[in-house]
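Peer 1: Dumping the structure here so I can ask a few things about it.
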Amino acid sequence: MPTTTARRVLPQPCGELSSGVIDALGTTVGSPVSISLAGADPYGRDLHLALHTCYGLHYDAFAGVDPAWEWDPGLLGARAELERVFLAALRADTVAGTDVAHELDELLVVPDENAGVGAFLRDDGEPRHVREYFVHRSILHHQEADPYAWLIPRLRGRAKAALVAVEFDEFGGGRGERIHQRLYADLLAGAGLDPGYLRYLDVVPAPMLALVNMMSLFGLHRALRGAGVGHFASVEITSSPASRRMVDVLERLEADVACVAFYREHVEADAVHEQLMRRDVIGDLLDREPELSESIVFGIRATELLENRFAEHVLACWRADRTSLLDSLEFEGREELSMAVASVDREFRAIRHS
């Protein structure tokens with residue numbers, strides 16, 4: 001029997017923007033949503049927590065929040081202002097281009113094996129670093145593939161069919177226990193973390209919130225459908241080699257089988273998805289709407305921008321021997337707590353996912 005899922009509580013505000021949105025959601029629908037964007041940091045946590053909370057109404061319900069807030073004109077107006085500041089920054093910080101084929105070829109270039117978060121985890125990573133990485137990424141993977149579903153009604157023909165094929169895999173191929181969001185929840189549990197939906201939102205800093213908000217921004221606006229496709233392609237093309245490196249890291253640390261299984265799934269699936277996205281989704285979309293080339297390039301470059309900001313933040317913290325989160329996790333410093341679990345639990349998980 002399926003269990004009842006408890007609704008999540010609203011996040012803790014961290015400034016005037018997030019307070020304005022979160023406080024409003026605790027009142028009657030139609031109450032004023034008071035925010036001022038004067039001097040707001042387009043990549044700051046206050047803006048992105050406010051925006052993430054607005055977007056959250058389109059995903060899963062908040063406990064005690066009237067669902068009618070989802071389409072409240074005042075809240076939508078406030079969200080539009082937050083989006084305007086964020087989108088303007090993304091456009092200003094990326095170079096415009098129209099050569100989609102070149103951008104896709106660049107994504108296929110093998111990255112420097114000695115740079116980035118993956119290299120740190122491979123060479124110097126400890127269980128605490130891996131757990132922190134899992135916590136950051138939980139904000140993304142708890143909603144994995146959901147924002148791309150908004151692209152489906154905005155595509156036609158072969159592009160639509162191919163994107164649905166990729167999404168079908170992301171959603172477990174019709175098997176609830178194989179949905180990638182579920183696999184990530186299993187990963188969190190296997191690493192000794194809370195698998196609850198967006199459980200760690202209050203400790204994740206701005207860089208990951210910005211990346212996830214970009215996905216929702218592209219998905220919710222038809223005018224940004226090209227950018228959404230560009231972002232999705234960027235993820236699928238780069239995922240397989242990055243996931244292969246994570247498999248190596250986790251096997252070195254003798255991590256729980258559920259942790260390894262999540263990344264191994266992406267090694268195999270995303271290698272196929274890369275061809276579908278490039279040839280069938282983007283190829284067909286550009287045949288139909290060649291004017292979207294600049295938007296597709298923007299989506300790819302905005303993804304690279306925000307992923308680099310995330311990596312820079314995490315690596316700066318780890319190299320300074322401090323947590324990359326806003327608060328230390330409860331097991332941090334307890335190096336005797338292995339990521340591995342008892343062999344009987346390993347066998348149980350292997351059977352469950354076979």
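Naming scheme: A, B, ... for chains in displayed order of the structure tokens; residues 1 onward per chain; ligands 1 onward as shown.
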Can you pull out the residues contacting segment 46-62 of chain A? Cut-off 9 Å, using only C-alpha atoms, and skip same-chain residues under 5 positions away; I want them as a ChimeraX atom specification.

Peer 2: /A:7-11,13-22,37,40-41,67,69-71,75-76,78-79,82-83,86,143,146,201,206-207,209-210,212-213,216-217

Peer 1: Write out, as a compact mmCIF listing (two decimals), in the first residue's frame, the residues just selected, with N, CA, C and O atoms.

Peer 2:
# COMPACT_ATOMS: atom_id res chain seq x y z
N ARG A 7 3.06 16.88 3.70
CA ARG A 7 3.37 18.10 2.98
C ARG A 7 4.55 18.80 3.63
O ARG A 7 4.69 18.83 4.85
N ARG A 8 5.39 19.41 2.82
CA ARG A 8 6.56 20.10 3.35
C ARG A 8 6.17 21.47 3.88
O ARG A 8 5.22 22.10 3.40
N VAL A 9 6.93 21.92 4.86
CA VAL A 9 6.69 23.24 5.43
C VAL A 9 7.41 24.28 4.59
O VAL A 9 8.34 23.97 3.84
N LEU A 10 6.97 25.52 4.72
CA LEU A 10 7.64 26.61 4.01
C LEU A 10 9.07 26.75 4.51
O LEU A 10 9.36 26.51 5.69
N PRO A 11 10.00 27.16 3.64
CA PRO A 11 11.39 27.33 4.07
C PRO A 11 11.55 28.52 5.00
O PRO A 11 10.66 29.38 5.10
N PRO A 13 12.91 32.04 5.73
CA PRO A 13 13.36 33.17 4.91
C PRO A 13 14.76 33.61 5.30
O PRO A 13 15.22 33.36 6.43
N CYS A 14 15.45 34.27 4.38
CA CYS A 14 16.82 34.71 4.65
C CYS A 14 17.04 36.17 4.28
O CYS A 14 18.18 36.62 4.21
N GLY A 15 15.98 36.91 4.05
CA GLY A 15 16.11 38.32 3.70
C GLY A 15 14.74 38.90 3.37
O GLY A 15 13.71 38.23 3.49
N GLU A 16 14.73 40.14 2.91
CA GLU A 16 13.46 40.83 2.67
C GLU A 16 12.65 40.20 1.54
O GLU A 16 11.42 40.13 1.62
N LEU A 17 13.31 39.77 0.48
CA LEU A 17 12.58 39.20 -0.65
C LEU A 17 11.92 37.88 -0.28
O LEU A 17 10.72 37.68 -0.53
N SER A 18 12.68 36.98 0.30
CA SER A 18 12.10 35.69 0.68
C SER A 18 11.08 35.85 1.80
O SER A 18 10.06 35.15 1.82
N SER A 19 11.30 36.78 2.71
CA SER A 19 10.32 37.04 3.76
C SER A 19 9.01 37.54 3.17
O SER A 19 7.92 37.14 3.59
N GLY A 20 9.11 38.44 2.17
CA GLY A 20 7.91 38.98 1.55
C GLY A 20 7.05 37.90 0.93
O GLY A 20 5.81 37.91 1.07
N VAL A 21 7.69 36.95 0.23
CA VAL A 21 6.95 35.86 -0.41
C VAL A 21 6.44 34.86 0.63
O VAL A 21 5.25 34.49 0.63
N ILE A 22 7.30 34.42 1.52
CA ILE A 22 6.93 33.38 2.48
C ILE A 22 5.89 33.88 3.47
O ILE A 22 4.93 33.17 3.81
N LEU A 37 12.97 45.10 -5.22
CA LEU A 37 14.15 44.53 -5.87
C LEU A 37 15.28 45.53 -6.04
O LEU A 37 16.27 45.23 -6.70
N ALA A 40 18.92 44.34 -5.49
CA ALA A 40 18.93 42.90 -5.24
C ALA A 40 20.05 42.21 -6.02
O ALA A 40 20.32 42.54 -7.17
N ASP A 41 20.71 41.25 -5.38
CA ASP A 41 21.74 40.44 -6.01
C ASP A 41 21.05 39.38 -6.88
O ASP A 41 20.33 38.53 -6.35
N PRO A 67 -3.76 26.22 -1.92
CA PRO A 67 -3.27 25.96 -3.28
C PRO A 67 -3.67 27.02 -4.30
O PRO A 67 -3.05 27.10 -5.37
N TRP A 69 -2.96 29.98 -4.16
CA TRP A 69 -1.83 30.91 -4.31
C TRP A 69 -1.08 30.66 -5.62
O TRP A 69 -0.41 31.55 -6.13
N GLU A 70 -1.17 29.45 -6.16
CA GLU A 70 -0.39 29.12 -7.36
C GLU A 70 -0.65 30.11 -8.49
O GLU A 70 0.26 30.46 -9.23
N TRP A 71 -1.90 30.56 -8.63
CA TRP A 71 -2.25 31.46 -9.73
C TRP A 71 -2.73 32.82 -9.23
O TRP A 71 -3.45 33.52 -9.95
N LEU A 75 1.02 37.40 -6.55
CA LEU A 75 2.22 36.57 -6.40
C LEU A 75 2.89 36.37 -7.75
O LEU A 75 4.12 36.40 -7.86
N LEU A 76 2.09 36.16 -8.80
CA LEU A 76 2.67 36.00 -10.13
C LEU A 76 3.39 37.27 -10.58
O LEU A 76 4.43 37.21 -11.25
N ALA A 78 4.89 39.42 -8.53
CA ALA A 78 6.14 39.45 -7.78
C ALA A 78 7.14 38.47 -8.38
O ALA A 78 8.34 38.78 -8.52
N ARG A 79 6.66 37.29 -8.76
CA ARG A 79 7.55 36.30 -9.38
C ARG A 79 8.13 36.83 -10.68
O ARG A 79 9.32 36.62 -10.98
N LEU A 82 11.06 39.04 -9.96
CA LEU A 82 12.23 38.24 -9.57
C LEU A 82 12.86 37.60 -10.81
O LEU A 82 14.09 37.60 -10.98
N GLU A 83 12.02 37.07 -11.68
CA GLU A 83 12.52 36.45 -12.92
C GLU A 83 13.22 37.46 -13.80
O GLU A 83 14.25 37.15 -14.43
N PHE A 86 16.77 38.04 -12.55
CA PHE A 86 17.60 36.85 -12.76
C PHE A 86 17.91 36.65 -14.23
O PHE A 86 19.07 36.43 -14.62
N GLN A 143 13.51 17.01 -8.07
CA GLN A 143 12.61 17.47 -9.13
C GLN A 143 13.13 17.06 -10.51
O GLN A 143 12.69 17.60 -11.52
N ASP A 146 11.21 16.99 -14.01
CA ASP A 146 9.90 17.65 -13.94
C ASP A 146 9.83 18.93 -14.79
O ASP A 146 8.86 19.12 -15.53
N LEU A 201 16.63 22.04 1.90
CA LEU A 201 16.55 23.34 1.26
C LEU A 201 17.11 24.46 2.13
O LEU A 201 17.77 25.38 1.62
N ALA A 206 23.09 29.64 -2.32
CA ALA A 206 22.48 30.18 -3.53
C ALA A 206 22.85 29.47 -4.84
O ALA A 206 21.98 29.33 -5.71
N PRO A 207 24.09 29.05 -5.07
CA PRO A 207 24.44 28.54 -6.41
C PRO A 207 23.54 27.42 -6.91
O PRO A 207 23.16 27.42 -8.08
N LEU A 209 20.43 26.74 -5.84
CA LEU A 209 19.07 27.27 -6.00
C LEU A 209 18.95 27.99 -7.33
O LEU A 209 17.93 27.88 -8.02
N ALA A 210 19.98 28.73 -7.72
CA ALA A 210 19.95 29.45 -8.99
C ALA A 210 19.86 28.48 -10.16
O ALA A 210 19.12 28.70 -11.13
N VAL A 212 18.63 25.40 -10.21
CA VAL A 212 17.31 24.77 -10.24
C VAL A 212 16.25 25.78 -10.69
O VAL A 212 15.34 25.44 -11.46
N ASN A 213 16.36 27.02 -10.23
CA ASN A 213 15.41 28.05 -10.66
C ASN A 213 15.48 28.30 -12.16
O ASN A 213 14.47 28.58 -12.80
N SER A 216 13.25 25.82 -13.90
CA SER A 216 11.84 26.16 -13.82
C SER A 216 11.51 27.37 -14.69
O SER A 216 10.46 27.41 -15.35
N LEU A 217 12.39 28.35 -14.69
CA LEU A 217 12.19 29.54 -15.51
C LEU A 217 12.05 29.17 -16.98
O LEU A 217 11.11 29.62 -17.67

Peer 1: Near Trp150 of chain A, counting only C-alpha atoms, which residues have an atom at most 10 Å away, once you skip same-chain residues fewer than 6 positions from it, shown as a ChimeraX atom specification?

Peer 2: /A:216,218-222,225,228

Peer 1: Keeping only N, CA, C and O atoms, take the residues you just selected and write them out as a compact mmCIF listing (two decimals), in the first residue's frame.

Peer 2:
# COMPACT_ATOMS: atom_id res chain seq x y z
N SER A 216 13.25 25.82 -13.90
CA SER A 216 11.84 26.16 -13.82
C SER A 216 11.51 27.37 -14.69
O SER A 216 10.46 27.41 -15.35
N PHE A 218 12.96 28.34 -17.48
CA PHE A 218 12.91 27.94 -18.88
C PHE A 218 11.67 27.09 -19.18
O PHE A 218 11.08 27.19 -20.25
N GLY A 219 11.29 26.25 -18.23
CA GLY A 219 10.16 25.37 -18.47
C GLY A 219 8.82 26.08 -18.47
O GLY A 219 7.92 25.72 -19.23
N LEU A 220 8.68 27.09 -17.63
CA LEU A 220 7.38 27.75 -17.44
C LEU A 220 7.08 28.82 -18.47
O LEU A 220 5.94 29.31 -18.53
N HIS A 221 8.06 29.20 -19.28
CA HIS A 221 7.84 30.28 -20.25
C HIS A 221 8.02 29.75 -21.67
O HIS A 221 9.11 29.33 -22.06
N ARG A 222 6.95 29.80 -22.45
CA ARG A 222 7.03 29.32 -23.82
C ARG A 222 8.10 30.06 -24.61
O ARG A 222 8.78 29.47 -25.46
N ARG A 225 11.43 28.30 -24.56
CA ARG A 225 11.46 26.87 -24.83
C ARG A 225 12.77 26.44 -25.49
O ARG A 225 13.27 25.34 -25.24
N GLY A 228 15.22 26.09 -22.80
CA GLY A 228 14.94 24.88 -22.04
C GLY A 228 15.47 23.64 -22.73
O GLY A 228 16.06 22.76 -22.09

Peer 1: Hey, what's within 12 Å of Glu236 of chain A if we count only C-alpha atoms and toss same-chain stuff fewer than 6 positions away? As a VMD selection string, please?

Peer 2: chain A and resid 104 107 to 108 144 to 145 148 163 166 to 167 169 to 170 229 to 230 242 to 243 266 to 278 300 303

Peer 1: Please write the residues from the selection above to a file, keeping C-alpha atoms, as a PDB file, in the first residue's frame.

Peer 2:
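Done, and the output landed in part_16.pdb:
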ATOM      1  CA  LEU A 104      26.977  20.754 -28.876  1.00  0.00           C
ATOM      2  CA  LEU A 107      29.875  19.756 -24.769  1.00  0.00           C
ATOM      3  CA  LEU A 108      31.342  16.499 -26.091  1.00  0.00           C
ATOM      4  CA  GLU A 144      14.688  15.727 -11.782  1.00  0.00           C
ATOM      5  CA  ALA A 145      13.049  15.889 -15.223  1.00  0.00           C
ATOM      6  CA  TYR A 148      11.324  19.476 -18.865  1.00  0.00           C
ATOM      7  CA  LEU A 163      11.838  14.390 -25.785  1.00  0.00           C
ATOM      8  CA  VAL A 166      13.975  10.722 -22.856  1.00  0.00           C
ATOM      9  CA  GLU A 167      11.464  11.743 -20.199  1.00  0.00           C
ATOM     10  CA  ASP A 169      13.420   6.922 -19.066  1.00  0.00           C
ATOM     11  CA  GLU A 170      13.818   9.720 -16.500  1.00  0.00           C
ATOM     12  CA  VAL A 229      15.849  22.443 -24.807  1.00  0.00           C
ATOM     13  CA  GLY A 230      19.434  23.752 -24.820  1.00  0.00           C
ATOM     14  CA  ALA A 242      30.406  12.926 -14.992  1.00  0.00           C
ATOM     15  CA  SER A 243      28.345  10.032 -13.640  1.00  0.00           C
ATOM     16  CA  HIS A 266      22.944   7.784 -15.648  1.00  0.00           C
ATOM     17  CA  VAL A 267      26.099   6.403 -17.236  1.00  0.00           C
ATOM     18  CA  GLU A 268      24.022   4.008 -19.279  1.00  0.00           C
ATOM     19  CA  ALA A 269      20.840   5.990 -19.945  1.00  0.00           C
ATOM     20  CA  ASP A 270      22.343   9.393 -20.718  1.00  0.00           C
ATOM     21  CA  ALA A 271      24.747   8.034 -23.316  1.00  0.00           C
ATOM     22  CA  VAL A 272      21.639   7.157 -25.357  1.00  0.00           C
ATOM     23  CA  HIS A 273      19.812  10.356 -24.446  1.00  0.00           C
ATOM     24  CA  GLU A 274      22.653  12.464 -25.835  1.00  0.00           C
ATOM     25  CA  GLN A 275      21.959  11.218 -29.372  1.00  0.00           C
ATOM     26  CA  LEU A 276      18.199  11.619 -29.007  1.00  0.00           C
ATOM     27  CA  MET A 277      18.543  15.190 -27.778  1.00  0.00           C
ATOM     28  CA  ARG A 278      21.041  16.245 -30.417  1.00  0.00           C
ATOM     29  CA  ILE A 300      23.584  25.790 -22.997  1.00  0.00           C
ATOM     30  CA  THR A 303      23.817  26.121 -17.747  1.00  0.00           C
TER      31      THR A 303
END

Peer 1: Going by DSSP on the backbone, which residues of segment 58-223 of chain A come out as alpha helix (DSSP H)? List them as a PyMOL selection string.

Peer 2: chain A and resi 73-92+100-107+116-124+127-141+146-149+157-170+180-190+206-220

Peer 1: Which neighbours of Leu292 of chain A fall inside 12 Å, counting only C-alpha atoms, when residues of the same chain fewer than 2 positions from it are skipped, and could you give them as a VMD selection string?

Peer 2: chain A and resid 97 to 100 222 to 230 282 to 290 294 to 299

Peer 1: Write a file of the just-selected residues containing C-alpha atoms, as an mmCIF file, in the first residue's frame.

Peer 2:
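File result_15.cif, as written:
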data_model
loop_
_atom_site.group_PDB
_atom_site.id
_atom_site.type_symbol
_atom_site.label_atom_id
_atom_site.label_comp_id
_atom_site.auth_asym_id
_atom_site.auth_seq_id
_atom_site.Cartn_x
_atom_site.Cartn_y
_atom_site.Cartn_z
ATOM 1 C CA GLY A 97 25.592 32.959 -30.295
ATOM 2 C CA THR A 98 23.685 31.036 -32.933
ATOM 3 C CA ASP A 99 26.001 28.124 -33.831
ATOM 4 C CA VAL A 100 24.176 25.294 -32.100
ATOM 5 C CA ARG A 222 7.033 29.317 -23.815
ATOM 6 C CA ALA A 223 9.252 32.149 -25.051
ATOM 7 C CA LEU A 224 12.210 30.330 -23.419
ATOM 8 C CA ARG A 225 11.461 26.868 -24.833
ATOM 9 C CA GLY A 226 14.624 26.971 -26.933
ATOM 10 C CA ALA A 227 16.705 27.720 -23.851
ATOM 11 C CA GLY A 228 14.939 24.879 -22.036
ATOM 12 C CA VAL A 229 15.849 22.443 -24.807
ATOM 13 C CA GLY A 230 19.434 23.752 -24.820
ATOM 14 C CA ILE A 282 17.282 19.816 -31.459
ATOM 15 C CA GLY A 283 17.651 18.758 -35.099
ATOM 16 C CA ASP A 284 13.919 18.605 -35.691
ATOM 17 C CA LEU A 285 13.198 21.736 -33.635
ATOM 18 C CA LEU A 286 15.654 23.800 -35.676
ATOM 19 C CA ASP A 287 14.245 22.443 -38.922
ATOM 20 C CA ARG A 288 10.860 23.757 -37.822
ATOM 21 C CA GLU A 289 11.957 26.905 -35.996
ATOM 22 C CA PRO A 290 15.501 27.937 -37.032
ATOM 23 C CA GLU A 294 20.157 31.744 -30.323
ATOM 24 C CA SER A 295 17.833 30.683 -27.519
ATOM 25 C CA ILE A 296 19.208 27.122 -27.575
ATOM 26 C CA VAL A 297 22.782 28.442 -27.354
ATOM 27 C CA PHE A 298 21.721 30.690 -24.486
ATOM 28 C CA GLY A 299 20.324 27.705 -22.578
#

Peer 1: Env of Gly116 of chain A: 10 Å cut, atoms = only C-alpha atoms, seq-sep filter 6 positions within chain, self excluded. Answer as a CSV table (one decimal) with C-alpha atoms, in the first residue's frame.

Peer 2:
chain,number,residue,atom,x,y,z
A,308,ASN,CA,30.7,26.8,-12.9
A,311,ALA,CA,31.7,24.3,-8.6
A,312,GLU,CA,33.6,27.4,-7.6
A,314,VAL,CA,32.0,24.2,-3.4
A,315,LEU,CA,35.7,23.9,-4.2

Peer 1: Could I get the residues of segment 149-189 of chain A with an atom no further than 12 Å from an atom of segment 124-134 of chain A, each paired with its nearest atom pair and that distance in Å to one decimal, using only C-alpha atoms, sorted by chain and residue number, as CSV?

Peer 2:
residue,atom,partner,partner_atom,distance
A:Tyr184,CA,A:Phe134,CA,8.9
A:Ala185,CA,A:Phe134,CA,10.2
A:Asp186,CA,A:Phe134,CA,11.5
A:Leu187,CA,A:Phe134,CA,8.3
A:Leu188,CA,A:Phe134,CA,7.0
A:Ala189,CA,A:Phe134,CA,10.6

Peer 1: What is the atom CA of Glu254 of chain A to atom CA of Asp194 of chain A distance in Å?

Peer 2: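 Result for atom CA of Glu254 of chain A versus atom CA of Asp194 of chain A: 19.7 Å, one decimal.
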